[in-house]
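> My structure is below; once you've seen it, I'll send some questions.
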Number of protein chains: 2
Amino acid sequence: MRDISIHQLTHADFAPFGDIITLKGTPDKLINQDLCGRHHDLANMYFGPNGKAGISLFDAEPRSLPYVLELMERHPEGSQAFLPMTQNPFLVIVAPDNDGVPGKPLAFRTAPGQGINFYCNIWHGVLTPLFAPGLFAVVDRIGTSTNLEEYWFEKPFTVSGDLK
Amino acid sequence: MRDISIHQLTHADFAPFGDIITLKGTPDKLINQDLCGRHHDLANMYFGPNGKAGISLFDAEPRSLPYVLELMERHPEGSQAFLPMTQNPFLVIVAPDNDGVPGKPLAFRTAPGQGINFYCNIWHGVLTPLFAPGLFAVVDRIGTSTNLEEYWFEKPFTVSGDLK
């Protein structure tokens with residue numbers, strides 16, 4: 001009941017929670033004398049009533065599996081995109097909302113070269129790289145109002161699966 | 001006269017042209033039970049009078065040195081941030097404006113884990129990774145109006161230097 005298996009990230013499974021930021025089969029446009037493919041506008045972002053878009057860097061400790069999931073969080077005033085600055089997969093955990101608290105979580109493993117964007121107010125786990133360096137560019141709301149809600153599970157979940 | 005040497009990217013040299021998106025000495029905030037450092041709001045972005053922020057992926061062919069610089073470009077309606085999705089350095093070329101055309105270009109090599117943000121209307125070279133995969137997340141203006149000005153040099157420049 002408290003065990004969660006990691007699945008490969010797919011657009012179908014992730015669609016209710018956010019965007020997968022990944023190369024399309026073919027680029028929208030070839031630029032720079034056809035030496036660069038532009039895969040255009042891959043994230044539905046929101047920065048709240050009084051916020052603006054910002055780029056920050058998150059430098060996180062790599063985690064190991066099985067991962068004990070005690071905490072989820074959500075951001076009521078903006079989306080949050082995570083762009084790995086490595087080619088390593090990372091662990092993405094989300095949950096449907098269940099009357100203001102997270103329902104049963106889902107766990108996904110990204111493919112190398114994929115980022116993700118959590119929609120505003122989607123319950124998600126904290127950033128969980130699986131390899132060093134755990135360096136990510138984050139595009140999210142910059143603002144002064146409170147933009148964090150946390151939920152601690154009474155009993156933690158255990159997340160396990162293959163890394164590749 | 002037409003030879004340009006590559007220098008290591010520094011905040012002092014790059015300040016007139018844009019931001020270096022890089023870890024600070026210490027993070028602005030420790031989050032996620034102190035397992036993640038947030039290095040906050042590192043880019044001064046602009047998305048034009050009718051644009052919005054977007055995330056795209058650029059998939060570019062790696063270039064080799066010496067690099068022949070024939071073309072520069074600028075974007076009158078927005079800034080443009082390049083975030084490498086690898087730990088490889090890349091080549092960054094900018095130029096001051098000289099009555100509407102690029103002056104003598106400057107060439108920089110990033111450190112691993114660094115991104116950059118070109119300010120609006122700054123002359124810059126096209127994306128020039130030096131290693132495969134040449135995969136970058138790009139945060140720039142999404143919009144329908146023209147946002148590209150190109151300049152072809154009558155005689156190209158030759159950019160050379162060490163990769164590391």
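Residues are named by chain letter and number: chains run A, B, ... in the order of the structure tokens, numbers start at 1 in each chain, and ligands are numbered from 1 in the order shown.
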Quick one: residues within 7 Å of A:Tyr46, only C-alpha atoms, excluding same-chain residues fewer than 5 positions away - as a count of residues only?

3

> What are the residues of chain A lining chain B at 6 Å or less? Count only C-alpha atoms, and put the answer as an MDAnalysis selection string.

chainID A and resid 35:43 54:61 84:87

> Hey, what's within 6 Å of stretch 154-157 of chain B if we count only C-alpha atoms and toss same-chain stuff fewer than 2 positions away? As number ranges by chain, please?

B: 2-3, 68-70

> May I ask for the distance between atom CA of B:Ser5 and atom CA of B:Trp123, given in Å to one decimal place?

17.7 Å

> Measure the distance from atom CA of A:Ser145 to atom CA of A:Phe118 in Å and round it to one decimal.

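According to the coordinates, atom CA of A:Ser145 and atom CA of A:Phe118 are separated by 19.1 Å.
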
> Please extract the residues of stretch 95-164 of chain A with a backbone DSSP assignment of strand (DSSP E or B) and present them as a PyMOL selection string.

chain A and resi 95+97-98+101-102+106-109+115-118+123-124+128-129+134-142+149-160

> Take atom CA of B:Thr158 and atom CA of B:Glu77 and report the distance between them in Å, one decimal.

29.1 Å

> Tell me which protein, DNA and RNA residues are within 8 Å of A:His7, counting only C-alpha atoms, leaving out same-chain ones fewer than 6 positions away, and put them as a PyMOL selection string.

chain A and resi 107-109+161

> Excluding same-chain residues fewer than 3 positions from A:Lys104, what lies within 10 Å of it counting only C-alpha atoms, as a PDB file with N, CA and C atoms, in the first residue's frame?


ATOM      1  N   MET A   1       0.822  -1.221   0.000  1.00  0.00           N
ATOM      2  CA  MET A   1       0.000   0.000   0.000  1.00  0.00           C
ATOM      3  C   MET A   1       0.859   1.275   0.000  1.00  0.00           C
ATOM      4  N   ARG A   2       1.998   1.227   0.700  1.00  0.00           N
ATOM      5  CA  ARG A   2       2.847   2.427   0.754  1.00  0.00           C
ATOM      6  C   ARG A   2       4.033   2.306  -0.180  1.00  0.00           C
ATOM      7  N   ILE A   4       5.617   2.499  -3.986  1.00  0.00           N
ATOM      8  CA  ILE A   4       5.382   3.153  -5.279  1.00  0.00           C
ATOM      9  C   ILE A   4       6.493   2.737  -6.229  1.00  0.00           C
ATOM     10  N   VAL A  94       4.741  13.126  -8.419  1.00  0.00           N
ATOM     11  CA  VAL A  94       3.570  14.007  -8.404  1.00  0.00           C
ATOM     12  C   VAL A  94       2.416  13.262  -7.733  1.00  0.00           C
ATOM     13  N   ALA A  95       1.370  14.005  -7.397  1.00  0.00           N
ATOM     14  CA  ALA A  95       0.172  13.374  -6.831  1.00  0.00           C
ATOM     15  C   ALA A  95      -1.049  14.190  -7.229  1.00  0.00           C
ATOM     16  N   PRO A  96      -2.174  13.516  -7.460  1.00  0.00           N
ATOM     17  CA  PRO A  96      -3.424  14.253  -7.651  1.00  0.00           C
ATOM     18  C   PRO A  96      -3.829  14.913  -6.334  1.00  0.00           C
ATOM     19  N   ASP A  97      -4.608  15.963  -6.430  1.00  0.00           N
ATOM     20  CA  ASP A  97      -5.115  16.592  -5.216  1.00  0.00           C
ATOM     21  C   ASP A  97      -6.367  15.854  -4.734  1.00  0.00           C
ATOM     22  N   ASN A  98      -6.435  15.677  -3.434  1.00  0.00           N
ATOM     23  CA  ASN A  98      -7.544  14.938  -2.841  1.00  0.00           C
ATOM     24  C   ASN A  98      -8.108  15.791  -1.697  1.00  0.00           C
ATOM     25  N   VAL A 101      -5.270  17.787  -0.003  1.00  0.00           N
ATOM     26  CA  VAL A 101      -4.036  17.068   0.371  1.00  0.00           C
ATOM     27  C   VAL A 101      -3.659  16.149  -0.794  1.00  0.00           C
ATOM     28  N   PHE A 157       5.873   7.035   2.111  1.00  0.00           N
ATOM     29  CA  PHE A 157       5.849   6.070   1.018  1.00  0.00           C
ATOM     30  C   PHE A 157       7.286   5.645   0.707  1.00  0.00           C
TER      31      PHE A 157
END

> Which one is closest to A:Trp152: A:Leu65, A:Met72, A:Ile20, A:Leu9? Count only C-alpha atoms.

A:Met72

> Please give the complete set of residues from chain A that DSSP, run on the backbone, assigns to alpha helix (DSSP H), formatted as a list in words.

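DSSP on the backbone gives alpha helix (DSSP H) at His11, Ala12, Asp13 and Phe14 of chain A.
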